[in-house]
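Everything below belongs to run.csv, which stores CSV, C-alpha atoms.
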```csv
chain,number,residue,atom,x,y,z
A,1,MET,CA,14.8,-19.5,-6.1
A,2,GLU,CA,13.8,-21.0,-9.4
A,3,TYR,CA,10.4,-20.0,-10.7
A,4,ILE,CA,8.4,-23.0,-11.8
A,5,GLY,CA,5.1,-21.5,-13.0
A,6,ASN,CA,1.7,-20.4,-11.9
A,7,PHE,CA,-0.9,-22.9,-10.7
A,8,ASN,CA,-3.6,-20.6,-9.4
A,9,GLU,CA,-6.4,-22.7,-11.0
A,10,TRP,CA,-5.5,-25.5,-8.7
A,11,ILE,CA,-6.2,-23.4,-5.6
A,12,LYS,CA,-9.8,-23.8,-4.4
A,13,GLU,CA,-11.6,-20.8,-3.0
A,14,GLU,CA,-13.0,-22.8,-0.2
A,15,TRP,CA,-9.5,-23.6,1.0
A,16,LEU,CA,-8.8,-19.9,1.6
A,17,HIS,CA,-12.1,-19.4,3.5
A,18,LYS,CA,-11.3,-22.4,5.7
A,19,LEU,CA,-7.7,-21.4,6.2
A,20,LEU,CA,-8.6,-17.9,7.1
A,21,SER,CA,-11.5,-18.8,9.3
A,22,GLU,CA,-10.0,-21.7,11.2
A,23,LYS,CA,-7.1,-21.2,13.6
A,24,GLY,CA,-4.7,-23.9,12.6
A,25,THR,CA,-2.1,-25.5,14.9
A,26,PRO,CA,-0.1,-22.9,16.8
A,27,ARG,CA,3.6,-23.3,16.3
A,28,PRO,CA,5.9,-24.1,17.8
A,29,SER,CA,3.8,-24.2,21.0
A,30,GLY,CA,1.2,-26.7,19.7
A,31,GLY,CA,3.4,-28.7,17.3
A,32,LYS,CA,5.3,-31.9,17.6
A,33,LYS,CA,8.5,-31.8,19.5
A,34,PRO,CA,11.8,-32.2,17.6
A,35,THR,CA,12.9,-35.8,17.2
A,36,SER,CA,15.8,-35.9,14.8
A,37,PRO,CA,19.3,-34.5,15.6
A,38,GLU,CA,18.8,-32.0,12.7
A,39,GLU,CA,15.5,-30.8,14.3
A,40,ASN,CA,17.0,-30.6,17.7
A,41,LEU,CA,19.9,-28.5,16.3
A,42,GLU,CA,17.5,-26.0,14.7
A,43,TYR,CA,15.4,-25.7,17.9
A,44,GLN,CA,18.5,-25.2,20.0
A,45,LYS,CA,19.8,-22.4,17.8
A,46,ALA,CA,16.4,-20.7,18.1
A,47,ARG,CA,16.4,-21.1,21.9
A,48,ASN,CA,19.9,-19.7,22.1
A,49,ALA,CA,18.7,-16.6,20.3
A,50,GLY,CA,15.8,-16.1,22.8
A,51,TYR,CA,12.9,-17.7,20.9
A,52,SER,CA,10.7,-20.0,23.0
A,53,ASP,CA,9.2,-23.4,22.2
A,54,GLN,CA,6.2,-22.4,24.3
A,55,SER,CA,5.3,-19.3,22.2
A,56,THR,CA,3.1,-19.1,19.1
A,57,TYR,CA,4.9,-17.5,16.2
A,58,PHE,CA,2.6,-18.7,13.4
A,59,TYR,CA,-0.1,-21.3,12.6
A,60,MET,CA,0.1,-24.5,10.6
A,61,PHE,CA,-2.2,-26.7,8.6
A,62,ASP,CA,-1.3,-30.1,7.4
A,63,LYS,CA,-3.0,-33.5,6.6
A,64,ASN,CA,-4.1,-33.7,10.2
A,65,ASN,CA,-6.4,-30.6,10.0
A,66,PHE,CA,-6.8,-29.8,6.3
A,67,ALA,CA,-7.4,-31.7,3.1
A,68,LEU,CA,-5.9,-30.6,-0.3
A,69,ASN,CA,-8.0,-33.3,-2.1
A,70,SER,CA,-5.6,-33.4,-5.0
A,71,ASP,CA,-1.9,-33.6,-5.5
A,72,PRO,CA,-0.1,-30.3,-6.2
A,73,PRO,CA,0.3,-30.2,-10.1
A,74,PHE,CA,4.0,-29.4,-9.9
A,75,VAL,CA,5.2,-32.5,-8.1
A,76,SER,CA,5.4,-36.1,-9.4
A,77,LYS,CA,7.1,-38.0,-6.6
A,78,ASN,CA,7.0,-38.5,-2.9
A,79,TYR,CA,6.0,-35.4,-1.2
A,80,HIS,CA,4.6,-33.9,2.0
A,81,TRP,CA,3.1,-30.5,2.5
A,82,TRP,CA,2.1,-28.0,5.0
A,83,ILE,CA,0.5,-24.6,5.0
A,84,THR,CA,1.8,-21.7,7.1
A,85,LYS,CA,-0.6,-19.0,8.2
A,86,MET,CA,0.8,-15.8,9.6
A,87,LEU,CA,-1.4,-13.3,11.2
A,88,PRO,CA,-0.1,-9.7,11.4
A,89,GLY,CA,2.9,-9.8,13.7
A,90,ASN,CA,3.5,-13.6,13.1
A,91,PHE,CA,6.9,-14.9,11.9
A,92,ILE,CA,9.2,-17.8,11.6
A,93,PRO,CA,12.8,-17.1,12.5
A,94,MET,CA,15.6,-17.6,9.9
A,95,HIS,CA,16.2,-21.3,9.8
A,96,VAL,CA,17.0,-24.3,7.6
A,97,ASP,CA,14.5,-27.2,7.1
A,98,PRO,CA,15.9,-30.1,9.1
A,99,HIS,CA,14.2,-32.8,7.0
A,100,THR,CA,16.0,-31.7,3.8
A,101,PHE,CA,19.2,-33.0,5.3
A,102,TYR,CA,18.0,-36.6,5.9
A,103,GLU,CA,15.5,-37.0,3.1
A,104,LYS,CA,17.1,-38.3,-0.1
A,105,ASN,CA,17.3,-35.7,-2.9
A,106,SER,CA,15.0,-33.3,-1.1
A,107,GLN,CA,13.4,-30.5,-3.0
A,108,ARG,CA,11.5,-27.6,-1.5
A,109,TYR,CA,8.7,-25.7,-3.2
A,110,TRP,CA,7.1,-22.4,-2.1
A,111,MET,CA,3.6,-21.4,-3.2
A,112,PRO,CA,1.7,-18.3,-2.0
A,113,LEU,CA,-2.0,-18.9,-1.9
A,114,GLN,CA,-2.8,-15.1,-2.1
A,115,ASN,CA,-1.4,-12.3,-4.2
A,116,TYR,CA,1.5,-10.4,-2.7
A,117,GLN,CA,0.5,-8.0,0.1
A,118,PRO,CA,2.8,-5.3,1.4
A,119,GLY,CA,4.5,-6.4,4.6
A,120,HIS,CA,4.3,-10.1,3.7
A,121,ILE,CA,8.1,-10.8,3.8
A,122,PHE,CA,9.8,-14.0,2.8
A,123,VAL,CA,13.6,-14.1,2.7
A,124,TYR,CA,15.6,-16.9,1.1
A,125,GLU,CA,19.4,-16.7,1.0
A,126,ASN,CA,19.3,-12.9,1.5
A,127,ILE,CA,16.7,-12.4,-1.3
A,128,SER,CA,13.1,-11.2,-0.6
A,129,ILE,CA,10.4,-12.3,-3.0
A,130,THR,CA,7.7,-9.7,-3.7
A,131,ASP,CA,5.0,-8.9,-6.3
A,132,TYR,CA,4.1,-12.5,-6.6
A,133,LYS,CA,0.7,-13.8,-7.6
A,134,ALA,CA,-1.4,-16.5,-5.9
A,135,GLY,CA,-0.4,-19.8,-7.3
A,136,ASP,CA,3.1,-18.9,-8.3
A,137,VAL,CA,5.5,-21.7,-7.5
A,138,TRP,CA,9.2,-21.4,-6.7
A,139,ARG,CA,11.7,-24.2,-6.1
A,140,TYR,CA,14.6,-23.6,-3.7
A,141,LYS,CA,17.9,-23.9,-5.5
A,142,ASN,CA,19.2,-25.3,-2.3
A,143,ALA,CA,16.6,-27.1,-0.3
A,144,GLY,CA,18.7,-26.7,2.8
A,145,ALA,CA,19.2,-22.9,2.5
A,146,LEU,CA,18.6,-20.4,5.2
A,147,HIS,CA,15.2,-18.8,5.0
A,148,GLY,CA,12.5,-17.1,7.1
A,149,ALA,CA,9.4,-15.0,7.0
A,150,ILE,CA,7.4,-12.4,8.8
A,151,ASN,CA,4.1,-10.6,8.4
A,152,ILE,CA,4.3,-7.0,9.3
A,153,GLY,CA,1.4,-6.2,7.0
A,154,HIS,CA,-2.3,-5.8,7.7
A,155,THR,CA,-3.7,-9.1,6.4
A,156,SER,CA,-3.2,-12.7,7.1
A,157,ARG,CA,-0.6,-14.5,5.0
A,158,LEU,CA,-1.0,-18.1,3.6
A,159,ILE,CA,1.8,-20.1,2.0
A,160,LEU,CA,1.7,-23.7,0.8
A,161,GLN,CA,5.0,-25.5,1.5
A,162,VAL,CA,5.8,-28.7,-0.4
A,163,SER,CA,8.8,-30.9,0.0
A,164,THR,CA,9.6,-33.8,-2.3
A,165,HIS,CA,12.1,-36.7,-1.9
A,166,GLU,CA,13.1,-40.0,-3.4
B,1,MET,CA,14.9,6.1,1.2
B,2,LYS,CA,18.1,8.1,0.6
B,3,LEU,CA,21.6,7.3,2.0
B,4,LEU,CA,23.1,10.6,3.3
B,5,GLY,CA,26.5,9.3,4.6
B,6,ASN,CA,28.1,7.1,7.2
B,7,TYR,CA,28.7,8.1,10.8
B,8,LYS,CA,30.1,4.9,12.2
B,9,ASP,CA,32.9,6.7,14.1
B,10,TRP,CA,30.2,8.6,16.1
B,11,ILE,CA,28.6,5.5,17.4
B,12,GLN,CA,30.1,4.3,20.7
B,13,GLN,CA,30.4,0.7,21.7
B,14,GLU,CA,29.3,1.5,25.2
B,15,TRP,CA,25.9,2.7,23.8
B,16,ILE,CA,25.5,-0.6,22.1
B,17,ASP,CA,26.5,-2.6,25.1
B,18,TYR,CA,24.2,-0.7,27.4
B,19,CYS,CA,21.1,-1.1,25.1
B,20,ILE,CA,21.8,-4.8,24.6
B,21,ASN,CA,22.1,-5.4,28.4
B,22,HIS,CA,19.2,-3.2,29.6
B,23,THR,CA,15.5,-3.1,28.9
B,24,GLY,CA,14.0,0.0,27.3
B,25,GLN,CA,10.4,1.2,27.1
B,26,ARG,CA,8.5,-1.8,25.9
B,27,MET,CA,6.3,-0.9,23.0
B,28,PRO,CA,3.4,-1.0,22.9
B,29,LYS,CA,3.0,-2.8,26.2
B,30,ASP,CA,4.3,0.0,28.5
B,31,TYR,CA,2.2,2.6,26.9
B,32,TYR,CA,-0.9,0.3,27.0
B,33,ASP,CA,-0.3,-0.4,30.7
B,34,SER,CA,0.0,3.3,31.5
B,35,GLY,CA,-3.0,4.3,29.6
B,36,GLU,CA,-1.1,6.2,27.0
B,37,LEU,CA,-2.7,4.7,24.0
B,38,ASP,CA,-1.5,7.3,21.6
B,39,TYR,CA,2.1,7.2,20.6
B,40,ALA,CA,1.7,10.7,19.3
B,41,THR,CA,2.2,11.9,22.8
B,42,HIS,CA,5.8,10.8,22.4
B,43,ASP,CA,8.3,12.7,20.3
B,44,VAL,CA,8.9,10.2,17.5
B,45,GLY,CA,6.5,7.4,18.3
B,46,GLU,CA,3.6,6.1,16.2
B,47,ARG,CA,0.0,5.8,17.1
B,48,LEU,CA,-0.9,2.6,18.8
B,49,GLU,CA,-4.3,2.6,17.0
B,50,TRP,CA,-2.5,2.1,13.8
B,51,PHE,CA,-1.4,-1.3,15.0
B,52,THR,CA,-4.3,-2.5,17.1
B,53,LYS,CA,-6.7,-2.0,14.2
B,54,TRP,CA,-4.7,-4.7,12.4
B,55,GLY,CA,-5.3,-7.2,15.2
B,56,ILE,CA,-1.9,-6.8,17.0
B,57,ASP,CA,-2.2,-7.3,20.8
B,58,PRO,CA,-1.4,-4.0,22.5
B,59,ASN,CA,-0.2,-5.9,25.5
B,60,THR,CA,2.7,-7.4,23.6
B,61,THR,CA,6.2,-6.0,23.1
B,62,PHE,CA,7.4,-5.8,19.6
B,63,LEU,CA,10.3,-3.5,20.3
B,64,GLU,CA,12.0,-1.6,23.0
B,65,ARG,CA,12.8,2.1,22.9
B,66,PHE,CA,15.5,4.1,24.7
B,67,ASP,CA,15.1,7.9,24.9
B,68,SER,CA,17.7,10.3,26.3
B,69,SER,CA,16.3,9.8,29.8
B,70,ASP,CA,16.8,6.0,29.5
B,71,LEU,CA,20.5,6.2,28.8
B,72,PRO,CA,23.4,7.2,31.1
B,73,PHE,CA,25.1,9.0,28.2
B,74,ASN,CA,24.8,12.4,26.6
B,75,LEU,CA,24.5,11.9,22.9
B,76,ASP,CA,25.5,14.9,20.8
B,77,PHE,CA,23.7,15.3,17.5
B,78,SER,CA,25.2,18.7,16.7
B,79,TRP,CA,26.6,17.3,13.5
B,80,LEU,CA,23.1,17.4,12.1
B,81,PRO,CA,22.3,20.7,10.4
B,82,GLU,CA,18.9,21.2,12.1
B,83,LYS,CA,18.7,22.7,15.6
B,84,ASN,CA,16.0,20.5,16.8
B,85,VAL,CA,16.6,16.8,17.2
B,86,ARG,CA,14.2,14.1,18.5
B,87,TRP,CA,15.7,10.7,18.7
B,88,GLY,CA,15.4,7.3,20.2
B,89,VAL,CA,17.2,4.0,20.0
B,90,LEU,CA,15.0,1.2,18.9
B,91,LYS,CA,15.9,-2.3,20.1
B,92,TYR,CA,14.5,-5.3,18.2
B,93,LYS,CA,15.2,-8.5,20.0
B,94,PRO,CA,14.9,-11.7,17.9
B,95,GLY,CA,11.2,-11.8,16.8
B,96,GLY,CA,10.8,-8.0,17.2
B,97,TYR,CA,9.1,-5.9,14.6
B,98,MET,CA,7.4,-2.7,13.7
B,99,PRO,CA,4.3,-3.2,11.6
B,100,LEU,CA,4.0,-1.5,8.2
B,101,HIS,CA,2.9,2.1,8.6
B,102,SER,CA,3.4,5.6,7.4
B,103,ASP,CA,4.4,8.5,9.6
B,104,ASP,CA,2.6,11.5,10.9
B,105,VAL,CA,4.3,14.8,9.9
B,106,ARG,CA,4.7,16.5,13.3
B,107,PHE,CA,7.0,19.4,12.7
B,108,LYS,CA,7.3,21.9,9.9
B,109,ASN,CA,10.0,21.0,7.4
B,110,GLU,CA,10.9,17.9,9.5
B,111,ARG,CA,13.2,15.2,8.2
B,112,ARG,CA,12.9,11.6,9.4
B,113,LEU,CA,16.2,9.8,9.6
B,114,TRP,CA,17.2,6.2,10.4
B,115,MET,CA,20.6,4.9,11.3
B,116,PRO,CA,21.6,1.2,12.0
B,117,MET,CA,24.0,0.8,14.9
B,118,GLN,CA,25.2,-2.5,13.5
B,119,ASP,CA,26.1,-3.9,10.1
B,120,TYR,CA,23.4,-5.8,8.2
B,121,VAL,CA,22.6,-9.3,9.4
B,122,GLU,CA,20.4,-11.6,7.4
B,123,GLY,CA,17.0,-11.4,9.1
B,124,HIS,CA,17.3,-7.8,10.1
B,125,MET,CA,14.6,-6.3,7.8
B,126,VAL,CA,13.7,-2.9,6.5
B,127,LEU,CA,10.8,-2.6,4.1
B,128,HIS,CA,10.2,0.8,2.7
B,129,ASP,CA,7.8,1.8,-0.1
B,130,GLY,CA,7.7,-1.9,-1.2
B,131,GLU,CA,11.4,-2.2,-1.4
B,132,TYR,CA,13.4,-4.6,0.8
B,133,PHE,CA,16.6,-3.0,2.0
B,134,LYS,CA,19.7,-4.9,3.0
B,135,ASN,CA,23.5,-4.8,3.2
B,136,TRP,CA,23.8,-1.6,5.1
B,137,LYS,CA,26.7,-0.7,7.3
B,138,ALA,CA,26.7,0.5,10.9
B,139,GLY,CA,26.4,4.2,10.9
B,140,ASP,CA,24.8,4.6,7.5
B,141,LEU,CA,22.3,7.5,7.8
B,142,PHE,CA,19.2,7.2,5.7
B,143,HIS,CA,16.5,9.8,5.1
B,144,PHE,CA,12.9,8.7,4.7
B,145,ASP,CA,12.3,11.2,2.0
B,146,ASN,CA,8.7,10.3,1.4
B,147,PRO,CA,6.6,10.6,4.6
B,148,ASP,CA,3.7,8.9,2.9
B,149,ALA,CA,5.7,5.8,2.0
B,150,LYS,CA,4.8,2.8,4.1
B,151,HIS,CA,7.6,1.2,6.0
B,152,GLY,CA,8.3,-1.4,8.6
B,153,PHE,CA,11.0,-3.2,10.4
B,154,ALA,CA,11.6,-6.7,11.7
B,155,ASN,CA,14.2,-9.0,13.2
B,156,ILE,CA,13.9,-12.7,12.7
B,157,SER,CA,17.6,-13.3,13.1
B,158,GLY,CA,19.3,-14.6,16.2
B,159,ILE,CA,21.0,-11.3,16.9
B,160,THR,CA,19.4,-8.3,18.7
B,161,ARG,CA,19.1,-5.3,16.4
B,162,LEU,CA,19.7,-1.6,17.4
B,163,VAL,CA,18.8,1.4,15.3
B,164,PHE,CA,18.5,5.2,15.8
B,165,THR,CA,15.2,6.7,14.8
B,166,ILE,CA,15.7,10.5,14.4
B,167,VAL,CA,13.4,13.4,13.6
B,168,VAL,CA,15.0,16.7,12.9
B,169,PHE,CA,13.5,20.1,12.1
B,170,PRO,CA,14.7,23.7,11.8
B,171,ASP,CA,14.0,26.3,14.5
B,172,GLU,CA,10.9,27.7,12.8
B,173,ASN,CA,8.1,25.7,14.4
```

Rewrite the structure of this file - the entire thing - as structure tokens.
Amino acid sequence: MEYIGNFNEWIKEEWLHKLLSEKGTPRPSGGKKPTSPEENLEYQKARNAGYSDQSTYFYMFDKNNFALNSDPPFVSKNYHWWITKMLPGNFIPMHVDPHTFYEKNSQRYWMPLQNYQPGHIFVYENISITDYKAGDVWRYKNAGALHGAINIGHTSRLILQVSTHE
Amino acid sequence: MKLLGNYKDWIQQEWIDYCINHTGQRMPKDYYDSGELDYATHDVGERLEWFTKWGIDPNTTFLERFDSSDLPFNLDFSWLPEKNVRWGVLKYKPGGYMPLHSDDVRFKNERRLWMPMQDYVEGHMVLHDGEYFKNWKAGDLFHFDNPDAKHGFANISGITRLVFTIVVFPDEN
């Protein structure tokens, strides 16, 4: 992971209130079904391990249920974003992001919306990122790398995910 | 968390196979269903209230546990110096976890130990006192040398995870 900088001032307080007070889309149970071969492969790997498409492992916000109002200050080209919300006990299994394999020159960015809380675990290529501040931004050195997260802490966890491409 | 040594040769493959292929006590669901809301009634368990107060559904299963009565094997822990040994095998299926918590001290001069039954797999997680542990080997024996340190476990890999949780104490309680 490559540290880009801190953009805490871009985060609006009302976002956190809305994200924490509203439920979000349960995933994978309430999300869109996989369409591309790359997505199908990731879902199948998860099913083979015992994970279920019908379960709720975390919650998601995107342009369909949340408005950022302004572009993230660390991106300058085509991008899409989503926010993952994990309640205590929520997780996303180790996986690769399917879209990074078919989008041209895909880059992935990771931005916590809160300061680090014990038990908020993110693992990227066998490295766990801790002690971060709200607004810190990292770029994956390899957009298609294996990563995953879980919240075994006592507070909800909010992360902005951004993906750019040409 | 201190590494005390490696005891891989002591671990038997049949123990692993049995635990993988059988269901243990579902935690916290089975205790919730039976009305035993306090894990403290069990030898090395934790208090359910520690988890429910953080919003975790007590009717869920975040890990399975095998005690001596759940296994058709006699496990001999006489290689440990203390006379009294309380142990369990904790099984974390993919998606399983133990929320961050600190332990009650139950016995005078107790030591809390932890031993993975498998080599480290990416997604098998141990968080202890803010530190993320990895790259352990099957049979590594760790001592939780600070009972106040918060710790938790998780498995977000595709492979079921088995660990021994052990409490030992001398014969002076």

Response to the item:
With distances taken over all atoms listed in the file, the candidate from A:Leu19, A:Ile11, A:Met94, A:Met86 nearest chain B is A:Met94

With chain A as the partner and 12 Å as the cut-off, tabulate the residues of chain B that qualify, each row holding the nearest pair of atoms and their distance in Å to one decimal, using all atoms listed in the file, sorted by chain and rising number, as a tab-separated table.
```
residue	atom	partner	partner_atom	distance
B:Trp50	CA	A:His154	CA	10.0
B:Phe51	CA	A:His154	CA	8.6
B:Thr52	CA	A:Pro88	CA	10.1
B:Lys53	CA	A:His154	CA	8.7
B:Trp54	CA	A:His154	CA	5.4
B:Gly55	CA	A:Pro88	CA	6.9
B:Ile56	CA	A:Gly89	CA	6.6
B:Asp57	CA	A:Gly89	CA	9.1
B:Pro58	CA	A:Gly89	CA	11.4
B:Thr60	CA	A:Gly89	CA	10.2
B:Thr61	CA	A:Gly89	CA	10.7
B:Phe62	CA	A:Gly89	CA	8.4
B:Leu63	CA	A:Gly89	CA	11.7
B:Tyr92	CA	A:Gly50	CA	11.8
B:Lys93	CA	A:Gly50	CA	8.1
B:Pro94	CA	A:Gly50	CA	6.6
B:Gly95	CA	A:Pro93	CA	7.0
B:Gly96	CA	A:Gly89	CA	8.8
B:Tyr97	CA	A:Ile152	CA	7.2
B:Met98	CA	A:Ile152	CA	6.9
B:Pro99	CA	A:Ile152	CA	4.4
B:Leu100	CA	A:Gly153	CA	5.5
B:His101	CA	A:Gly153	CA	8.6
B:Ser102	CA	A:Gly153	CA	12.0
B:Tyr120	CA	A:Asn126	CA	10.6
B:Val121	CA	A:Asn126	CA	9.3
B:Glu122	CA	A:Asn126	CA	6.1
B:Gly123	CA	A:Met94	CA	6.4
B:His124	CA	A:Met94	CA	9.9
B:Met125	CA	A:Ile121	CA	8.9
B:Val126	CA	A:Gly119	CA	10.0
B:Leu127	CA	A:Gly119	CA	7.4
B:His128	CA	A:Gly119	CA	9.4
B:Asp129	CA	A:Pro118	CA	8.8
B:Gly130	CA	A:Pro118	CA	6.5
B:Glu131	CA	A:Thr130	CA	8.7
B:Tyr132	CA	A:Ser128	CA	6.8
B:Phe133	CA	A:Ser128	CA	9.3
B:Lys134	CA	A:Asn126	CA	8.1
B:Asn135	CA	A:Asn126	CA	9.3
B:Ala149	CA	A:Pro118	CA	11.5
B:Lys150	CA	A:Pro118	CA	8.8
B:His151	CA	A:Gly119	CA	8.3
B:Gly152	CA	A:Ile152	CA	6.9
B:Phe153	CA	A:Ile152	CA	7.8
B:Ala154	CA	A:Ile150	CA	7.7
B:Asn155	CA	A:Pro93	CA	8.2
B:Ile156	CA	A:Pro93	CA	4.5
B:Ser157	CA	A:Met94	CA	5.7
B:Gly158	CA	A:Ala49	CA	4.6
B:Ile159	CA	A:Ala49	CA	6.7
B:Thr160	CA	A:Ala49	CA	8.5
B:Arg161	CA	A:Ala49	CA	12.0
```

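Among the candidates B:Phe66, B:Phe169, B:Phe77, B:Phe164, the one nearest to Pro116 (chain B) when counting all atoms listed in the file is B:Phe164.
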
Discussion item. Env of Ile83 (chain A): 12 Å cut, atoms = only C-alpha atoms, seq-sep filter 4 positions within chain, self excluded. Answer as an NGL selection string.
Written reply: :A and (15-16 or 19-20 or 23-27 or 58-68 or 109-113 or 157-163)

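We find CA of Ala143 (chain A) and CA of Thr100 (chain A) to be spaced 6.2 Å apart.
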
Discussion item. Here is a test: counting all atoms listed in the file, which residue of B:Leu71, B:Gly139, B:Val105, B:Asp119 is nearest to Asn21 (chain B)?
Written reply: B:Leu71

Item to complete: Go through B:Ser69, B:Asn59, B:Gln12, B:Asn6 one by one, measure the shortest atom-to-atom distance of each to Gly24 (chain B) using all atoms listed in the file, and give the residue with the smallest value.
Response: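 The closest residue to Gly24 (chain B) is B:Ser69.
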